[in-house]
Amino acid sequence: MTRRDRIELGLTAAGVALAALCHFAGFTPVLTFLVAAGALALLARLVGTATEQLGARLGSGSASVIQSALGNLPELFIALFALNAGLMNVVQAALVGSILANSVLVLGIAFVVGGLKNGPQMFNSERARLVSTLTFLAAATMAIPSLAHEFHAPAEAHGEALSLICAVVLLVVFVLTLPGFLRSAPGEEHEPARWSVAATAIVLGAAGAGAAFTSNWFVDALTPAIETLHMSEEFAGLVIVAIAGNAVENVVGVQLAARNRADFAVGVIVNSSLQVALALTPVLVLLSLLFATHLTLVFPTLLAIVLLIAGILGALIANDGRSTWEEGVVLVGFYVVIAASFWWGT
Amino acid sequence: MTRRDRIELGLTAAGVALAALCHFAGFTPVLTFLVAAGALALLARLVGTATEQLGARLGSGSASVIQSALGNLPELFIALFALNAGLMNVVQAALVGSILANSVLVLGIAFVVGGLKNGPQMFNSERARLVSTLTFLAAATMAIPSLAHEFHAPAEAHGEALSLICAVVLLVVFVLTLPGFLRSAPGEEHEPARWSVAATAIVLGAAGAGAAFTSNWFVDALTPAIETLHMSEEFAGLVIVAIAGNAVENVVGVQLAARNRADFAVGVIVNSSLQVALALTPVLVLLSLLFATHLTLVFPTLLAIVLLIAGILGALIANDGRSTWEEGVVLVGFYVVIAASFWWGT
Amino acid sequence: MTRRDRIELGLTAAGVALAALCHFAGFTPVLTFLVAAGALALLARLVGTATEQLGARLGSGSASVIQSALGNLPELFIALFALNAGLMNVVQAALVGSILANSVLVLGIAFVVGGLKNGPQMFNSERARLVSTLTFLAAATMAIPSLAHEFHAPAEAHGEALSLICAVVLLVVFVLTLPGFLRSAPGEEHEPARWSVAATAIVLGAAGAGAAFTSNWFVDALTPAIETLHMSEEFAGLVIVAIAGNAVENVVGVQLAARNRADFAVGVIVNSSLQVALALTPVLVLLSLLFATHLTLVFPTLLAIVLLIAGILGALIANDGRSTWEEGVVLVGFYVVIAASFWWGT
């Protein structure tokens with residue numbers, strides 16, 4: 001382990017400890033909520049680092065399977081605890097929010113940072129295009145149950161059936177495309193493993209357990225905290241959960257853009273969106289059958305529309321093949337206006 | 001006529017005969033419905049083969065005019081009989097469904113088959129792009145009356161006027177673009193005619209008459225059949241009529257993709273969508289003025305939205321310029337979810 | 001000044017004089033309305049010519065700032081007078097209509113003219129793509145408050161707050177992107193200044209004053225005129241105001257297409273849309289705080305949807321990189337159907 005690794009480990013452990021303190025000492029829910037969100041962001045990043053180390057040991061084939069399975073672990077825990085607490089709105093908003101946070105906010109920041117540092121950047125790789133097109137298609141599929149619910153009265157009573165069909169379709173696509181698609185992207189360098197297998201396993205286990213506990217504290221504090229802050233459940237899911245679970249983890253995408261590796265940056269960032277749509281979403285829908293609150297894909301209509309627009313936008317920008325910091329600025333602005341729209345909620 | 005031609009003729013004749021048997025022997029409507037759908041699919045394919053033979057005789061200029069006029073003959077007959085029976089929902093869904101069946105389902109299958117057999121396929125031809133962009137524009141135009149009806153209260157009472165304006169615009173675009181646009185695509189090989197002019201004329205006449213009769217039996221069986229199957233009118237139109245009238249006819253597109261002629265495949269498949277939007281739709285709107293039920297372009301809102309999404313998707317995929325079997329899988333999945341949404345109807 | 005300049009000046013002065021005559025002689029409002037619309041179109045063009053002359057004197061850096069500030073002067077005056085008269089619907093429709101008039105109608109005409117004269121035209125420049133992508137992003141941002149109002153019930157009461165946030169975001173993007181982005185496009189030739197500084201200043205001042213007066217007469221005649229013509233306020237804004245304020249000014253884009261400079265033409269035409277979204281819209285929202293009627297970005301829903309579609313379409317067409325007259329025909333047809341939808345209004 002390098003010094004940097006140790007700092008990351010220490011910071012994350014401190015974050016989790018702080019969140020535990022807030023929770024058990026009965027601090028105000030707003031503080032617990034914010035500290036737990038920060039700790040979850042650090043855990044999401046640590047899980048990312050650990051699966052990367054595992055990947056360096058196991059070869060990229062199995063690595064990508066593990067990365068897909070574990071990469072969204074913190075989000076999965078938050079969603080399961082939130083579902084258990086009946087917070088359907090938070091979970092739905094967090095799913096769409098994860099796609100938005102990646103495909104709009106993080107991509108925008110990567111364009112601004114990359115563009116200011118390196119001038120207009122090209123990313124003509126087939127991989128960036130393929131991932132973007134697939135993400136649009138997956139987002140459009142994911143939006144259909146909501147659109148059917150809002151605009152096709154006879155389907156209104158069948159939202160759950162339609163959500164299950166949609167989840168199965170997404171999962172089948174995921175399983176079919178996983179082996180070929182998630183294979184090591186050309187140009188991706190695999191650094192040699194810095195951690196021993198044992199260390200990696202311990203970190204992964206500890207981070208997983210940490211994520212489970214912290215998610216619990218986070219969800220506990222959520223309802224009182226958002227009431228104090230006059231924030232809606234949708235905003236909490238769309239912005240707070242999504243940024244904690246995704247954006248920090250994707251700092252790597254921004255770093256790649258800064259290092260003028262725009263192609264790889266776009267691939268990594270949009271790929272996170274794709275995994276939320278193809279893996280996290282259907283798994284949650286199916287797992288939720290074991291809970292009292294069944295998760296459906298009948299989102300609030302505006303969420304579904306925003307999901308569609310984000311999908312189109314991602315595909316258009318990737319097809320354009322060139323990013324400038326101006327595009328980045330407008331992407332971030334677009335995200336701000338969407339986030340503001342959900343400040344008020346049910 | 002080759003052996004293959006004779007098999008096609010024989011199969012089609014047998015299909016029509018079987019449909020007639022079902023109809024006149026008073027078999028259960030579900031059986032008649034399915035057999036007639038199959039016979040119509042074979043007739044659609046036969047009309048396609050016959051107009052191709054005519055094209056080989058007449059030169060591609062006049063051929064394309066005839067192909068446009070006759071290619072959608074079976075769908076035209078189904079729509080007219082359905083309108084006559086007051087089944088507006090079926091006709092509207094069949095129009096949108098034809099565009100979806102081509103631009104989403106058949107295109108998806110072509111990508112899967114072509115991709116699995118030949119690896120990622122490129123289709124950078126200007127023609128594929130032009131057809132896709134035109135199709136998106138035509139689909140967007142076609143969707144406006146529905147969107148106006150749903151989202152612009154003052155236009156609600158004027159759906160028929162708006163549909164007529166829209167139909168005239170589409171028809172004018174069709175007439176203006178027909179000569180230049182439908183001319184023989186570069187790369188398209190015209191095989192020498194295998195059939196004599198007389199044989200071609202007889203087949204065309206017989207296929208036309210067969211389509212007229214079979215459409216009648218199909219529409220007769222439709223209402224009782226969908227009641228037995230608990231299927232909606234929209235589903236019958238969107239899926240059954242559209243696949244019978246289009247998809248089988250477009251097996252040729254899938255074959256082209258399998259032979260690694262992706263460019264030509266995309267052109268052929270999306271061109272079918274374009275002809276539905278620019279020719280079949282306005283002709284039906286105008287012809288319906290002679291019927292008691294006037295066909296409007298005020299579709300159920302979800303149909304209009306799905307039409308728009310399919311248009312955007314087609315244009316994005318064609319601009320992307322490269323297809324993989326993964327994209328094909330997601331396209332087919334998207335189609336399945338849309339079809340499922342319309343299982344429940346009015 | 002050349003002979004052509006003098007003709008332009010004379011025509012514009014005559015137009016304004018005629019509008020004044022109609023207004024003060026108490027002619028029928030319909031006549032005043034149409035004559036004032038014509039005069040405003042000529043004024044918009046004259047302001048364009050004058051700012052170009054100023055640009056030739058000042059160097060392209062400062063020129064573009066001035067052009068952005070003054071180019072939309074006539075529209076700004078019309079909007080302010082209309083807001084003062086409480087005609088919110090007209091102003092909202094005019095904003096969306098300006099984007100549509102440029103990105104759909106004028107672009108369509110440029111494609112038809114350019115395509116018929118020069119055959120299919122290529123425009124692969126990065127600038128055309130960048131402007132189109134930015135315009136789509138800005139249009140999507142601008143559409144969010146309306147979509148939130150229609151589809152997210154809790155945000156309904158907060159349309160004004162959301163509009164202000166959106167306006168500030170758009171304005172920040174404008175200010176940030178102005179210096180780098182509006183700099184002289186490569187390939188843009190700056191002809192030497194034909195007018196003296198004094199002449200330019202006089203023309204600008206006179207055109208500004210003329211625009212202010214004529215806007216007043218135009219808005220005065222608007223309400224009685226549209227009642228006589230059975231036209232809706234939305235149609236007046238979307239079509240009449242937008243074409244008077246934009247389309248004529250953009251004849252230059254069509255001329256560029258005719259001279260086979262498709263790249264530059266697309267850039268100029270779509271750039272006008274971008275400035276409406278990034279500059280005119282937020283400035284009007286903020287200025288309207290001084291009026292009794294506050295302008296919000298909560299448009300009638302169909303306007304917001306049409307804005308989104310126009311944005312997608314512009315980006316797709318620019319990414320496609322090739323225009324044909326067929327695309328132009330469908331774009332014009334699309335515009336006709338949208339305009340027809342708004343003939344009926346509130």
# chains A, B, ... in the order shown; residues from 1 in each chain; ligands from 1

call {"tool": "interface_residues", "arguments": {"of": "chain C", "to": "chain B", "cutoff": "7 Å", "atoms": "only C-alpha atoms", "output": "list of chain:residue names"}}
result
C:Thr301, C:Leu302, C:Asp320, C:Glu326, C:Glu327, C:Val329, C:Val330, C:Leu331, C:Gly333, C:Phe334, C:Val337, C:Ile338, C:Ala340, C:Ser341, C:Trp344, C:Gly345, C:Thr346

call {"tool": "select_by_dssp", "arguments": {"residues": "segment 83-126 of chain B", "states": "helix (DSSP H, G or I)", "output": "short mmCIF file (atom, residue, chain, number, x, y, z; two decimals) with C-alpha atoms, in the first residue's frame"}}
result
data_model
loop_
_atom_site.label_atom_id
_atom_site.label_comp_id
_atom_site.auth_asym_id
_atom_site.auth_seq_id
_atom_site.Cartn_x
_atom_site.Cartn_y
_atom_site.Cartn_z
CA LEU B 83 -61.63 2.06 -40.51
CA ASN B 84 -64.80 0.77 -42.12
CA MET B 88 -59.71 3.84 -35.27
CA ASN B 89 -57.45 2.68 -32.42
CA VAL B 90 -56.20 -0.28 -34.44
CA VAL B 91 -55.37 1.84 -37.48
CA GLN B 92 -53.56 4.54 -35.49
CA ALA B 93 -51.58 1.97 -33.55
CA ALA B 94 -50.73 0.10 -36.77
CA LEU B 95 -49.28 3.24 -38.34
CA VAL B 96 -47.02 3.98 -35.37
CA GLY B 97 -46.39 0.28 -34.97
CA SER B 98 -45.14 -0.06 -38.54
CA ILE B 99 -42.55 2.63 -37.90
CA LEU B 100 -41.57 0.99 -34.60
CA ALA B 101 -41.50 -2.51 -36.06
CA ASN B 102 -39.04 -1.34 -38.71
CA SER B 103 -36.94 1.26 -36.91
CA VAL B 104 -36.71 -0.60 -33.61
CA LEU B 105 -37.54 -4.31 -33.86
CA VAL B 106 -36.29 -5.24 -37.34
CA LEU B 107 -33.31 -2.88 -37.02
CA GLY B 108 -32.46 -4.48 -33.69
CA ILE B 109 -32.67 -7.97 -35.14
CA ALA B 110 -30.53 -6.92 -38.09
CA PHE B 111 -27.91 -5.53 -35.69
CA VAL B 112 -27.91 -8.72 -33.61
CA VAL B 113 -27.66 -11.02 -36.63
CA GLY B 114 -25.18 -8.82 -38.47
CA GLY B 115 -23.09 -8.16 -35.37
CA LEU B 116 -22.87 -11.76 -34.22
CA LYS B 117 -21.94 -12.91 -37.69
CA ASN B 118 -19.64 -10.11 -38.80
CA GLU B 126 -24.84 9.30 -46.70
#

call {"tool": "residues_around", "arguments": {"residues": "segment 22-24 of chain B", "least_positions_apart": "4", "cutoff": "12 Å", "atoms": "only C-alpha atoms", "output": "list of chain:residue names"}}
result
B:Gly15, B:Val16, B:Ala17, B:Leu18, B:Thr28, B:Pro29, B:Val30, B:Leu31, B:Thr32, B:Phe33, B:Leu34, B:Val35, B:Ala36, B:Ala39, B:Phe213, B:Thr214, B:Ser215, B:Asn216, B:Trp217, B:Phe218, B:Val219, B:Asp220, B:Ala221, B:Leu222

call {"tool": "write_last_selection", "arguments": {"atoms": "N, CA and C atoms", "output": "JSON list (two decimals), in the first residue's frame"}}
result
[["chain", "number", "residue", "atom", "x", "y", "z"],
["B", 15, "GLY", "N", -51.49, -20.05, -47.60],
["B", 15, "GLY", "CA", -51.86, -19.21, -46.47],
["B", 15, "GLY", "C", -53.21, -18.57, -46.67],
["B", 16, "VAL", "N", -53.39, -18.00, -47.86],
["B", 16, "VAL", "CA", -54.66, -17.33, -48.15],
["B", 16, "VAL", "C", -55.81, -18.35, -48.12],
["B", 17, "ALA", "N", -55.56, -19.52, -48.71],
["B", 17, "ALA", "CA", -56.59, -20.57, -48.72],
["B", 17, "ALA", "C", -56.97, -20.99, -47.30],
["B", 18, "LEU", "N", -55.96, -21.14, -46.48],
["B", 18, "LEU", "CA", -56.18, -21.53, -45.09],
["B", 18, "LEU", "C", -57.00, -20.46, -44.35],
["B", 28, "THR", "N", -62.89, -20.75, -34.84],
["B", 28, "THR", "CA", -62.79, -19.74, -33.78],
["B", 28, "THR", "C", -62.01, -18.51, -34.27],
["B", 29, "PRO", "N", -62.50, -17.32, -33.92],
["B", 29, "PRO", "CA", -61.89, -16.08, -34.42],
["B", 29, "PRO", "C", -60.39, -15.99, -34.13],
["B", 30, "VAL", "N", -59.95, -16.52, -32.97],
["B", 30, "VAL", "CA", -58.52, -16.43, -32.64],
["B", 30, "VAL", "C", -57.69, -17.11, -33.72],
["B", 31, "LEU", "N", -58.14, -18.29, -34.15],
["B", 31, "LEU", "CA", -57.43, -19.03, -35.19],
["B", 31, "LEU", "C", -57.45, -18.24, -36.51],
["B", 32, "THR", "N", -58.65, -17.80, -36.90],
["B", 32, "THR", "CA", -58.77, -17.01, -38.14],
["B", 32, "THR", "C", -57.84, -15.80, -38.10],
["B", 33, "PHE", "N", -57.86, -15.11, -36.96],
["B", 33, "PHE", "CA", -57.04, -13.92, -36.76],
["B", 33, "PHE", "C", -55.56, -14.23, -37.00],
["B", 34, "LEU", "N", -55.08, -15.31, -36.39],
["B", 34, "LEU", "CA", -53.66, -15.64, -36.49],
["B", 34, "LEU", "C", -53.29, -16.11, -37.89],
["B", 35, "VAL", "N", -54.15, -16.97, -38.46],
["B", 35, "VAL", "CA", -53.87, -17.48, -39.80],
["B", 35, "VAL", "C", -53.91, -16.35, -40.82],
["B", 36, "ALA", "N", -54.91, -15.47, -40.69],
["B", 36, "ALA", "CA", -55.00, -14.35, -41.64],
["B", 36, "ALA", "C", -53.80, -13.43, -41.48],
["B", 39, "ALA", "N", -51.04, -15.06, -43.32],
["B", 39, "ALA", "CA", -51.26, -14.95, -44.77],
["B", 39, "ALA", "C", -50.94, -13.55, -45.26],
["B", 213, "PHE", "N", -59.07, -9.54, -49.80],
["B", 213, "PHE", "CA", -59.95, -10.52, -49.13],
["B", 213, "PHE", "C", -59.44, -10.87, -47.74],
["B", 214, "THR", "N", -58.14, -11.18, -47.65],
["B", 214, "THR", "CA", -57.58, -11.62, -46.36],
["B", 214, "THR", "C", -57.70, -10.52, -45.31],
["B", 215, "SER", "N", -57.47, -9.27, -45.74],
["B", 215, "SER", "CA", -57.61, -8.15, -44.79],
["B", 215, "SER", "C", -59.02, -8.13, -44.22],
["B", 216, "ASN", "N", -59.98, -8.35, -45.09],
["B", 216, "ASN", "CA", -61.38, -8.36, -44.66],
["B", 216, "ASN", "C", -61.60, -9.44, -43.59],
["B", 217, "TRP", "N", -61.12, -10.66, -43.86],
["B", 217, "TRP", "CA", -61.30, -11.75, -42.89],
["B", 217, "TRP", "C", -60.57, -11.43, -41.59],
["B", 218, "PHE", "N", -59.37, -10.87, -41.73],
["B", 218, "PHE", "CA", -58.54, -10.52, -40.58],
["B", 218, "PHE", "C", -59.29, -9.53, -39.68],
["B", 219, "VAL", "N", -59.81, -8.47, -40.30],
["B", 219, "VAL", "CA", -60.49, -7.44, -39.52],
["B", 219, "VAL", "C", -61.78, -7.99, -38.90],
["B", 220, "ASP", "N", -62.47, -8.86, -39.66],
["B", 220, "ASP", "CA", -63.68, -9.49, -39.11],
["B", 220, "ASP", "C", -63.38, -10.27, -37.83],
["B", 221, "ALA", "N", -62.27, -10.97, -37.84],
["B", 221, "ALA", "CA", -61.94, -11.83, -36.69],
["B", 221, "ALA", "C", -61.30, -11.04, -35.56],
["B", 222, "LEU", "N", -60.87, -9.81, -35.87],
["B", 222, "LEU", "CA", -60.05, -9.06, -34.91],
["B", 222, "LEU", "C", -60.76, -8.78, -33.59]]

call {"tool": "closest_residue", "arguments": {"among": "C:Ala207, C:Ala257, C:Ala50, C:Leu303", "to": "Gln121 of chain C", "atoms": "only C-alpha atoms"}}
result
C:Ala257

call {"tool": "closest_atom_pairs", "arguments": {"of": "segment 136-226 of chain A", "to": "segment 230-238 of chain A", "cutoff": "9 Å", "atoms": "only C-alpha atoms", "output": "tab-separated table"}}
result
residue	atom	partner	partner_atom	distance
A:Leu222	CA	A:Ala236	CA	8.1
A:Thr223	CA	A:Glu233	CA	7.9
A:Ala225	CA	A:Met231	CA	8.5
A:Ile226	CA	A:Met231	CA	5.0

call {"tool": "write_last_selection", "arguments": {"atoms": "N, CA and C atoms", "output": "tab-separated table (two decimals), in the first residue's frame"}}
result
chain	number	residue	atom	x	y	z
A	222	LEU	N	-32.44	10.59	7.46
A	222	LEU	CA	-32.93	11.27	6.26
A	222	LEU	C	-34.25	11.99	6.47
A	223	THR	N	-35.26	11.27	6.96
A	223	THR	CA	-36.58	11.90	7.06
A	223	THR	C	-36.58	13.12	7.97
A	225	ALA	N	-34.02	14.95	8.78
A	225	ALA	CA	-33.12	15.97	8.24
A	225	ALA	C	-33.78	16.76	7.12
A	226	ILE	N	-34.45	16.07	6.20
A	226	ILE	CA	-35.02	16.82	5.06
A	226	ILE	C	-36.20	17.65	5.52

call {"tool": "closest_residue", "arguments": {"among": "B:Glu8, B:Ala41, B:Phe27, B:Trp343", "to": "Leu229 of chain B", "atoms": "only C-alpha atoms"}}
result
B:Trp343

call {"tool": "atom_distance", "arguments": {"atom1": "atom CA of Leu76 of chain B", "atom2": "atom CA of Thr296 of chain B"}}
result
15.4 Å

call {"tool": "atom_distance", "arguments": {"atom1": "atom CA of Leu204 of chain B", "atom2": "atom CA of Asn250 of chain B"}}
result
18.3 Å

call {"tool": "residues_around", "arguments": {"residues": "segment 192-199 of chain B", "least_positions_apart": "3", "cutoff": "9 Å", "atoms": "only C-alpha atoms", "output": "PDB file with N, CA, C and O atoms, in the first residue's frame"}}
result
ATOM      1  N   MET B   1     -39.355 -18.141 -63.569  1.00  0.00           N
ATOM      2  CA  MET B   1     -39.486 -18.260 -62.115  1.00  0.00           C
ATOM      3  C   MET B   1     -38.590 -19.370 -61.599  1.00  0.00           C
ATOM      4  O   MET B   1     -38.531 -20.452 -62.156  1.00  0.00           O
ATOM      5  N   THR B   2     -37.899 -19.046 -60.526  1.00  0.00           N
ATOM      6  CA  THR B   2     -37.022 -20.051 -59.926  1.00  0.00           C
ATOM      7  C   THR B   2     -37.848 -20.941 -58.994  1.00  0.00           C
ATOM      8  O   THR B   2     -39.008 -20.674 -58.717  1.00  0.00           O
ATOM      9  N   ALA B  50     -42.831  -9.107 -56.202  1.00  0.00           N
ATOM     10  CA  ALA B  50     -43.416  -8.799 -57.513  1.00  0.00           C
ATOM     11  C   ALA B  50     -43.048  -7.389 -57.967  1.00  0.00           C
ATOM     12  O   ALA B  50     -42.713  -7.168 -59.140  1.00  0.00           O
ATOM     13  N   GLU B  52     -40.456  -5.788 -57.161  1.00  0.00           N
ATOM     14  CA  GLU B  52     -39.033  -5.841 -57.503  1.00  0.00           C
ATOM     15  C   GLU B  52     -38.857  -6.329 -58.943  1.00  0.00           C
ATOM     16  O   GLU B  52     -38.051  -5.798 -59.710  1.00  0.00           O
ATOM     17  N   GLN B  53     -39.607  -7.361 -59.309  1.00  0.00           N
ATOM     18  CA  GLN B  53     -39.537  -7.903 -60.669  1.00  0.00           C
ATOM     19  C   GLN B  53     -39.972  -6.854 -61.674  1.00  0.00           C
ATOM     20  O   GLN B  53     -39.358  -6.676 -62.721  1.00  0.00           O
ATOM     21  N   LEU B  54     -41.043  -6.136 -61.314  1.00  0.00           N
ATOM     22  CA  LEU B  54     -41.514  -5.065 -62.176  1.00  0.00           C
ATOM     23  C   LEU B  54     -40.416  -4.024 -62.341  1.00  0.00           C
ATOM     24  O   LEU B  54     -40.175  -3.510 -63.452  1.00  0.00           O
ATOM     25  N   GLY B  55     -39.737  -3.714 -61.202  1.00  0.00           N
ATOM     26  CA  GLY B  55     -38.658  -2.729 -61.223  1.00  0.00           C
ATOM     27  C   GLY B  55     -37.541  -3.149 -62.163  1.00  0.00           C
ATOM     28  O   GLY B  55     -37.007  -2.333 -62.915  1.00  0.00           O
ATOM     29  N   ALA B  56     -37.212  -4.430 -62.148  1.00  0.00           N
ATOM     30  CA  ALA B  56     -36.141  -4.928 -63.005  1.00  0.00           C
ATOM     31  C   ALA B  56     -36.505  -4.754 -64.482  1.00  0.00           C
ATOM     32  O   ALA B  56     -35.644  -4.596 -65.342  1.00  0.00           O
ATOM     33  N   ARG B  57     -37.806  -4.793 -64.788  1.00  0.00           N
ATOM     34  CA  ARG B  57     -38.268  -4.585 -66.167  1.00  0.00           C
ATOM     35  C   ARG B  57     -38.281  -3.108 -66.536  1.00  0.00           C
ATOM     36  O   ARG B  57     -37.898  -2.723 -67.631  1.00  0.00           O
ATOM     37  N   ILE B 202     -49.837 -10.739 -63.357  1.00  0.00           N
ATOM     38  CA  ILE B 202     -50.810 -11.684 -62.777  1.00  0.00           C
ATOM     39  C   ILE B 202     -50.565 -11.838 -61.286  1.00  0.00           C
ATOM     40  O   ILE B 202     -51.490 -11.779 -60.476  1.00  0.00           O
ATOM     41  N   VAL B 203     -49.290 -12.008 -60.903  1.00  0.00           N
ATOM     42  CA  VAL B 203     -48.977 -12.185 -59.478  1.00  0.00           C
ATOM     43  C   VAL B 203     -49.413 -10.955 -58.689  1.00  0.00           C
ATOM     44  O   VAL B 203     -50.046 -11.060 -57.635  1.00  0.00           O
ATOM     45  N   LEU B 204     -49.081  -9.767 -59.240  1.00  0.00           N
ATOM     46  CA  LEU B 204     -49.440  -8.537 -58.535  1.00  0.00           C
ATOM     47  C   LEU B 204     -50.941  -8.429 -58.346  1.00  0.00           C
ATOM     48  O   LEU B 204     -51.443  -8.116 -57.257  1.00  0.00           O
TER      49      LEU B 204
END

call {"tool": "atom_distance", "arguments": {"atom1": "atom CA of Val252 of chain A", "atom2": "atom CA of Pro74 of chain A"}}
result
17.5 Å

call {"tool": "residues_around", "arguments": {"residues": "Leu286 of chain A", "least_positions_apart": "2", "cutoff": "9 Å", "atoms": "only C-alpha atoms", "output": "PyMOL selection string"}}
result
chain A and resi 164+167-168+281-284+288-290+294-295

call {"tool": "decode", "arguments": {"residues": "segment 112-162 of chain A", "atoms": "C-alpha atoms", "output": "PDB file, in the first residue's frame"}}
result
ATOM      1  CA  VAL A 112     -14.805  22.142 -18.006  1.00  0.00           C
ATOM      2  CA  VAL A 113     -11.636  20.860 -16.339  1.00  0.00           C
ATOM      3  CA  GLY A 114     -10.385  19.041 -19.436  1.00  0.00           C
ATOM      4  CA  GLY A 115     -11.290  21.898 -21.771  1.00  0.00           C
ATOM      5  CA  LEU A 116      -9.729  24.669 -19.699  1.00  0.00           C
ATOM      6  CA  LYS A 117      -6.543  22.682 -19.259  1.00  0.00           C
ATOM      7  CA  ASN A 118      -6.182  21.129 -22.691  1.00  0.00           C
ATOM      8  CA  GLY A 119      -8.399  23.081 -25.062  1.00  0.00           C
ATOM      9  CA  PRO A 120     -11.120  21.340 -27.077  1.00  0.00           C
ATOM     10  CA  GLN A 121     -10.845  17.582 -26.595  1.00  0.00           C
ATOM     11  CA  MET A 122     -11.636  14.880 -29.119  1.00  0.00           C
ATOM     12  CA  PHE A 123     -13.089  11.532 -28.166  1.00  0.00           C
ATOM     13  CA  ASN A 124     -13.843   9.631 -31.301  1.00  0.00           C
ATOM     14  CA  SER A 125     -13.393   6.194 -29.861  1.00  0.00           C
ATOM     15  CA  GLU A 126     -15.974   3.628 -30.761  1.00  0.00           C
ATOM     16  CA  ARG A 127     -16.224   2.671 -27.121  1.00  0.00           C
ATOM     17  CA  ALA A 128     -17.399   6.115 -25.955  1.00  0.00           C
ATOM     18  CA  ARG A 129     -20.029   6.118 -28.701  1.00  0.00           C
ATOM     19  CA  LEU A 130     -21.198   2.584 -28.009  1.00  0.00           C
ATOM     20  CA  VAL A 131     -21.546   3.211 -24.275  1.00  0.00           C
ATOM     21  CA  SER A 132     -23.483   6.433 -24.908  1.00  0.00           C
ATOM     22  CA  THR A 133     -25.853   4.873 -27.416  1.00  0.00           C
ATOM     23  CA  LEU A 134     -26.478   1.909 -25.108  1.00  0.00           C
ATOM     24  CA  THR A 135     -27.078   4.265 -22.186  1.00  0.00           C
ATOM     25  CA  PHE A 136     -29.668   6.231 -24.172  1.00  0.00           C
ATOM     26  CA  LEU A 137     -31.417   3.029 -25.169  1.00  0.00           C
ATOM     27  CA  ALA A 138     -31.373   1.733 -21.590  1.00  0.00           C
ATOM     28  CA  ALA A 139     -32.608   5.071 -20.229  1.00  0.00           C
ATOM     29  CA  ALA A 140     -35.428   5.138 -22.790  1.00  0.00           C
ATOM     30  CA  THR A 141     -36.446   1.598 -21.856  1.00  0.00           C
ATOM     31  CA  MET A 142     -36.350   2.501 -18.168  1.00  0.00           C
ATOM     32  CA  ALA A 143     -38.576   5.536 -18.807  1.00  0.00           C
ATOM     33  CA  ILE A 144     -41.350   3.627 -20.595  1.00  0.00           C
ATOM     34  CA  PRO A 145     -43.263   2.381 -17.497  1.00  0.00           C
ATOM     35  CA  SER A 146     -43.505   5.947 -16.169  1.00  0.00           C
ATOM     36  CA  LEU A 147     -44.579   7.333 -19.529  1.00  0.00           C
ATOM     37  CA  ALA A 148     -47.146   4.525 -19.856  1.00  0.00           C
ATOM     38  CA  HIS A 149     -48.458   5.332 -16.386  1.00  0.00           C
ATOM     39  CA  GLU A 150     -48.797   9.040 -17.118  1.00  0.00           C
ATOM     40  CA  PHE A 151     -49.931   8.980 -20.715  1.00  0.00           C
ATOM     41  CA  HIS A 152     -51.707   5.677 -21.257  1.00  0.00           C
ATOM     42  CA  ALA A 153     -54.577   5.426 -18.800  1.00  0.00           C
ATOM     43  CA  PRO A 154     -55.273   1.694 -19.306  1.00  0.00           C
ATOM     44  CA  ALA A 155     -51.732   0.801 -18.217  1.00  0.00           C
ATOM     45  CA  GLU A 156     -52.040   2.830 -15.029  1.00  0.00           C
ATOM     46  CA  ALA A 157     -53.128  -0.085 -12.872  1.00  0.00           C
ATOM     47  CA  HIS A 158     -50.358  -2.305 -14.186  1.00  0.00           C
ATOM     48  CA  GLY A 159     -47.297  -0.270 -13.223  1.00  0.00           C
ATOM     49  CA  GLU A 160     -45.830  -3.071 -11.166  1.00  0.00           C
ATOM     50  CA  ALA A 161     -46.224  -5.716 -13.876  1.00  0.00           C
ATOM     51  CA  LEU A 162     -44.704  -3.374 -16.436  1.00  0.00           C
TER      52      LEU A 162
END
